[in-house]
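One structure is given here, and the rest of the page talks about it.
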Amino acid sequence: MPNIPSKLKQEKILTPELKKWLYASGSLTQQLTDLASGQFRVDPTKEHFQRLSFIDSQWMNMPHAHTAWVRESLLYGCEAEPWVKAKSIFPILSLQKKARIFQHIGTKPIGKFLFQRTNPACERRVIYLEDGWTRQSCYVWHGCKFIVQETFLTTFENFIKKQNEQG
């Protein structure tokens with residue numbers, strides 16, 4: 001087994017506080033807003049079309065060559081630095097249905113629409129990516145399938161750690 005630098009080992013440790021966030025159900029938008037005493041904002045950083053990855057196409061049971069609209073954003077709470085790096089993947093088939101609204105929401109959070117008067121079916125997986133611990137959720141919302149990926153950044157981990165230490 002290769003020798004992993006100790007810094008990388010430390011970063012990969014999943015704390016109980018962060019685990020709670022990775023496996024929480026419901027709207028992350030609402031949960032972050034509550035944590036930040038009402039403060040929350042979305043900063044879309046990139047919107048583009050791309051082919052589905054093989055893994056994502058299998059997860060959503062869609063053709064690998066299928067195109068998706070992708071929205072990448074940073075999510076902020078009550079601090080100057082972002083807490084979450086988000087990526088939403090909407091297959092074109094979903095955008096032809098009710099989920100087409102997500103392509104035009106600008107700086108509004110997806111959660112405001114996704115959890116409005118509904119609790120969509122969700123399949124989740126948790127992985128460690130370069131930027132940190134990530135939860136990937138495959139939602140089925142009004143018959144539309146799409147993936148929302150949320151990577152919890154170090155600034156968020158530090159904030160919740162500080163909150164827990166303060167009681």
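Letters for chains follow the order of the structure tokens (A, B, ...), residue numbers begin at 1 for each chain, and ligand numbers begin at 1 in the order shown.
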
Next item on the list: Taking the DSSP assignment computed from this structure's backbone, write out as an MDAnalysis selection string all residues of range 13-102 of chain A that belong to helix (DSSP H, G or I).
Entry: chainID A and resid 16:22 28:35 54:59 92:95 98:102

I need the chosen residues saved as a short mmCIF file (atom, residue, chain, number, x, y, z; two decimals), in the first residue's frame, with N, CA, C and O atoms.
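Result file follows (result.cif):
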```cif
data_model
loop_
_atom_site.label_atom_id
_atom_site.label_comp_id
_atom_site.auth_asym_id
_atom_site.auth_seq_id
_atom_site.Cartn_x
_atom_site.Cartn_y
_atom_site.Cartn_z
N PRO A 16 -17.73 13.06 12.86
CA PRO A 16 -19.16 12.82 13.11
C PRO A 16 -20.02 14.03 12.75
O PRO A 16 -21.13 13.89 12.26
N GLU A 17 -19.49 15.26 12.98
CA GLU A 17 -20.24 16.47 12.66
C GLU A 17 -20.50 16.57 11.15
O GLU A 17 -21.61 16.88 10.73
N LEU A 18 -19.47 16.30 10.35
CA LEU A 18 -19.63 16.39 8.90
C LEU A 18 -20.47 15.24 8.37
O LEU A 18 -21.27 15.42 7.45
N LYS A 19 -20.31 14.08 8.96
CA LYS A 19 -21.10 12.91 8.53
C LYS A 19 -22.59 13.21 8.62
O LYS A 19 -23.36 12.84 7.75
N LYS A 20 -22.99 13.92 9.68
CA LYS A 20 -24.38 14.31 9.86
C LYS A 20 -24.88 15.11 8.64
O LYS A 20 -25.98 14.91 8.17
N TRP A 21 -24.05 16.02 8.14
CA TRP A 21 -24.41 16.85 6.99
C TRP A 21 -24.43 16.05 5.70
O TRP A 21 -25.29 16.27 4.84
N LEU A 22 -23.50 15.15 5.55
CA LEU A 22 -23.41 14.35 4.32
C LEU A 22 -24.61 13.43 4.14
O LEU A 22 -25.02 13.14 3.02
N LEU A 28 -30.66 21.09 1.62
CA LEU A 28 -29.39 21.62 2.12
C LEU A 28 -29.47 23.15 2.16
O LEU A 28 -28.93 23.78 3.07
N THR A 29 -30.17 23.74 1.21
CA THR A 29 -30.37 25.20 1.19
C THR A 29 -30.95 25.66 2.53
O THR A 29 -30.42 26.58 3.16
N GLN A 30 -32.01 25.01 2.97
CA GLN A 30 -32.66 25.39 4.22
C GLN A 30 -31.76 25.12 5.41
O GLN A 30 -31.67 25.94 6.35
N GLN A 31 -31.05 24.00 5.40
CA GLN A 31 -30.19 23.64 6.52
C GLN A 31 -29.03 24.63 6.66
O GLN A 31 -28.69 25.04 7.77
N LEU A 32 -28.43 25.03 5.53
CA LEU A 32 -27.34 26.01 5.58
C LEU A 32 -27.86 27.38 6.00
O LEU A 32 -27.20 28.09 6.76
N THR A 33 -29.04 27.75 5.52
CA THR A 33 -29.66 29.03 5.90
C THR A 33 -29.91 29.07 7.41
O THR A 33 -29.63 30.07 8.07
N ASP A 34 -30.42 27.97 7.95
CA ASP A 34 -30.66 27.88 9.40
C ASP A 34 -29.35 28.00 10.17
O ASP A 34 -29.27 28.73 11.17
N LEU A 35 -28.31 27.29 9.71
CA LEU A 35 -27.01 27.32 10.39
C LEU A 35 -26.41 28.72 10.37
O LEU A 35 -25.78 29.14 11.34
N PHE A 54 -19.86 8.19 -17.74
CA PHE A 54 -20.34 6.81 -17.77
C PHE A 54 -21.02 6.46 -16.45
O PHE A 54 -22.12 5.89 -16.42
N ILE A 55 -20.38 6.83 -15.33
CA ILE A 55 -20.92 6.51 -14.00
C ILE A 55 -22.27 7.19 -13.79
O ILE A 55 -23.22 6.57 -13.32
N ASP A 56 -22.37 8.48 -14.14
CA ASP A 56 -23.62 9.21 -13.96
C ASP A 56 -24.72 8.67 -14.87
O ASP A 56 -25.87 8.55 -14.45
N SER A 57 -24.37 8.31 -16.10
CA SER A 57 -25.39 7.78 -17.02
C SER A 57 -25.91 6.43 -16.51
O SER A 57 -27.11 6.16 -16.59
N GLN A 58 -25.04 5.60 -15.94
CA GLN A 58 -25.48 4.32 -15.37
C GLN A 58 -26.40 4.57 -14.18
O GLN A 58 -27.43 3.91 -14.04
N TRP A 59 -26.01 5.50 -13.31
CA TRP A 59 -26.78 5.79 -12.11
C TRP A 59 -28.19 6.25 -12.46
O TRP A 59 -29.17 5.89 -11.81
N ILE A 92 -30.75 16.29 -20.75
CA ILE A 92 -31.64 17.03 -21.65
C ILE A 92 -33.08 16.52 -21.56
O ILE A 92 -34.02 17.30 -21.58
N LEU A 93 -33.25 15.21 -21.40
CA LEU A 93 -34.60 14.65 -21.29
C LEU A 93 -35.37 15.26 -20.12
O LEU A 93 -36.57 15.49 -20.20
N SER A 94 -34.67 15.52 -19.02
CA SER A 94 -35.31 16.13 -17.86
C SER A 94 -35.65 17.59 -18.13
O SER A 94 -36.65 18.10 -17.63
N LEU A 95 -34.81 18.26 -18.90
CA LEU A 95 -35.05 19.69 -19.18
C LEU A 95 -36.22 19.90 -20.12
O LEU A 95 -36.70 21.02 -20.27
N LYS A 98 -40.72 19.13 -16.52
CA LYS A 98 -40.89 20.14 -15.48
C LYS A 98 -39.55 20.71 -14.98
O LYS A 98 -39.48 21.87 -14.57
N ALA A 99 -38.49 19.92 -15.03
CA ALA A 99 -37.18 20.37 -14.52
C ALA A 99 -36.54 21.46 -15.39
O ALA A 99 -35.50 21.99 -15.03
N ARG A 100 -37.17 21.82 -16.49
CA ARG A 100 -36.61 22.87 -17.35
C ARG A 100 -36.47 24.19 -16.59
O ARG A 100 -35.63 25.02 -16.95
N ILE A 101 -37.25 24.38 -15.52
CA ILE A 101 -37.14 25.62 -14.75
C ILE A 101 -35.75 25.79 -14.15
O ILE A 101 -35.29 26.91 -13.95
N PHE A 102 -35.06 24.69 -13.86
CA PHE A 102 -33.74 24.78 -13.23
C PHE A 102 -32.70 25.44 -14.13
O PHE A 102 -31.70 25.96 -13.65
#
```

Next item on the list: Write out as a count of residues only the residues lying within 7 Å of range 38-44 of chain A, counting only C-alpha atoms and excluding same-chain residues fewer than 3 positions away.
Entry: 13

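One distance worth recording is that between CA of Phe90 in chain A and CA of Phe49 in chain A, which is 9.3 Å.
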
Proximity check range 34-115 of chain A to range 134-137 of chain A, 10 Å, nearest pairs one decimal Å, only C-alpha atoms, as CSV:
```
residue,atom,partner,partner_atom,distance
A:Val84,CA,A:Thr134,CA,9.3
A:Lys85,CA,A:Thr134,CA,9.0
A:Ala86,CA,A:Thr134,CA,9.3
A:Lys87,CA,A:Gln136,CA,9.2
A:Ser88,CA,A:Gln136,CA,9.4
```

Output file for the selection above: N, CA and C atoms, as an mmCIF file, in the first residue's frame:
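Dumped to part-v6.cif:
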```
data_model
loop_
_atom_site.group_PDB
_atom_site.id
_atom_site.type_symbol
_atom_site.label_atom_id
_atom_site.label_comp_id
_atom_site.auth_asym_id
_atom_site.auth_seq_id
_atom_site.Cartn_x
_atom_site.Cartn_y
_atom_site.Cartn_z
ATOM 1 N N VAL A 84 -19.757 25.393 0.354
ATOM 2 C CA VAL A 84 -20.048 24.204 -0.466
ATOM 3 C C VAL A 84 -19.797 24.518 -1.928
ATOM 4 N N LYS A 85 -19.215 23.553 -2.609
ATOM 5 C CA LYS A 85 -19.053 23.614 -4.060
ATOM 6 C C LYS A 85 -20.101 22.654 -4.632
ATOM 7 N N ALA A 86 -21.031 23.205 -5.405
ATOM 8 C CA ALA A 86 -22.150 22.399 -5.903
ATOM 9 C C ALA A 86 -22.066 22.225 -7.420
ATOM 10 N N LYS A 87 -22.577 21.091 -7.865
ATOM 11 C CA LYS A 87 -22.643 20.795 -9.299
ATOM 12 C C LYS A 87 -23.941 20.030 -9.536
ATOM 13 N N SER A 88 -24.756 20.559 -10.423
ATOM 14 C CA SER A 88 -26.032 19.917 -10.746
ATOM 15 C C SER A 88 -25.993 19.456 -12.193
#
```

Next item on the list: Report the residues of chain A whose backbone DSSP state falls under strand (DSSP E), written as a ChimeraX atom specification.
Entry: /A:41-51,67-76,84-91,121-129,132-141,144-152

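The neighbours of Ser27 in chain A here are the residues that come within 10 Å of it, using only C-alpha atoms and leaving out any residue fewer than 6 positions away in the same chain; they are Thr33, Pro109, Ile110, Gly111, Lys112, Phe113, Leu114, Phe115, Gln116 and Asn119 of chain A.
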
Expected file: the selected residues, N, CA and C atoms, as a PDB file, in the first residue's frame:
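The file below, result09.pdb, is the result:
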```pdb
ATOM      1  N   THR A  33     -29.036  27.750   5.519  1.00  0.00           N
ATOM      2  CA  THR A  33     -29.655  29.028   5.898  1.00  0.00           C
ATOM      3  C   THR A  33     -29.912  29.066   7.406  1.00  0.00           C
ATOM      4  N   PRO A 109     -31.313  29.191  -5.293  1.00  0.00           N
ATOM      5  CA  PRO A 109     -30.894  27.816  -4.981  1.00  0.00           C
ATOM      6  C   PRO A 109     -31.876  26.790  -5.557  1.00  0.00           C
ATOM      7  N   ILE A 110     -31.331  25.697  -6.049  1.00  0.00           N
ATOM      8  CA  ILE A 110     -32.141  24.608  -6.587  1.00  0.00           C
ATOM      9  C   ILE A 110     -33.093  24.065  -5.514  1.00  0.00           C
ATOM     10  N   GLY A 111     -32.613  24.012  -4.265  1.00  0.00           N
ATOM     11  CA  GLY A 111     -33.417  23.482  -3.165  1.00  0.00           C
ATOM     12  C   GLY A 111     -34.742  24.207  -2.954  1.00  0.00           C
ATOM     13  N   LYS A 112     -34.787  25.492  -3.265  1.00  0.00           N
ATOM     14  CA  LYS A 112     -36.037  26.258  -3.105  1.00  0.00           C
ATOM     15  C   LYS A 112     -37.140  25.694  -3.994  1.00  0.00           C
ATOM     16  N   PHE A 113     -36.785  25.196  -5.161  1.00  0.00           N
ATOM     17  CA  PHE A 113     -37.754  24.625  -6.090  1.00  0.00           C
ATOM     18  C   PHE A 113     -37.949  23.133  -5.838  1.00  0.00           C
ATOM     19  N   LEU A 114     -36.836  22.453  -5.606  1.00  0.00           N
ATOM     20  CA  LEU A 114     -36.839  21.000  -5.451  1.00  0.00           C
ATOM     21  C   LEU A 114     -37.694  20.547  -4.269  1.00  0.00           C
ATOM     22  N   PHE A 115     -37.626  21.271  -3.159  1.00  0.00           N
ATOM     23  CA  PHE A 115     -38.326  20.850  -1.943  1.00  0.00           C
ATOM     24  C   PHE A 115     -39.581  21.655  -1.658  1.00  0.00           C
ATOM     25  N   GLN A 116     -40.027  22.435  -2.629  1.00  0.00           N
ATOM     26  CA  GLN A 116     -41.240  23.222  -2.459  1.00  0.00           C
ATOM     27  C   GLN A 116     -42.462  22.311  -2.584  1.00  0.00           C
ATOM     28  N   ASN A 119     -41.290  16.136  -1.499  1.00  0.00           N
ATOM     29  CA  ASN A 119     -40.117  15.476  -0.938  1.00  0.00           C
ATOM     30  C   ASN A 119     -39.667  14.448  -1.978  1.00  0.00           C
TER      31      ASN A 119
END
```

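Taking only C-alpha atoms into account, Arg71 in chain A lies nearest to A:Gln149 out of the set A:Gln149, A:Ser25, A:Gln96, A:Thr155.
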
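Between CA of Arg124 in chain A and CA of Lys161 in chain A there is a distance of 24.0 Å.
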
Next item on the list: With a distance cut-off of 7 Å and only C-alpha atoms, select the neighbouring residues of Cys122 in chain A, excluding the residue or stretch itself and same-chain residues fewer than 5 positions from it, and output the selection as an NGL selection string.
Entry: :A and (137-140)

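Put simply, CA of Thr15 in chain A is 14.6 Å away from CA of Thr151 in chain A.
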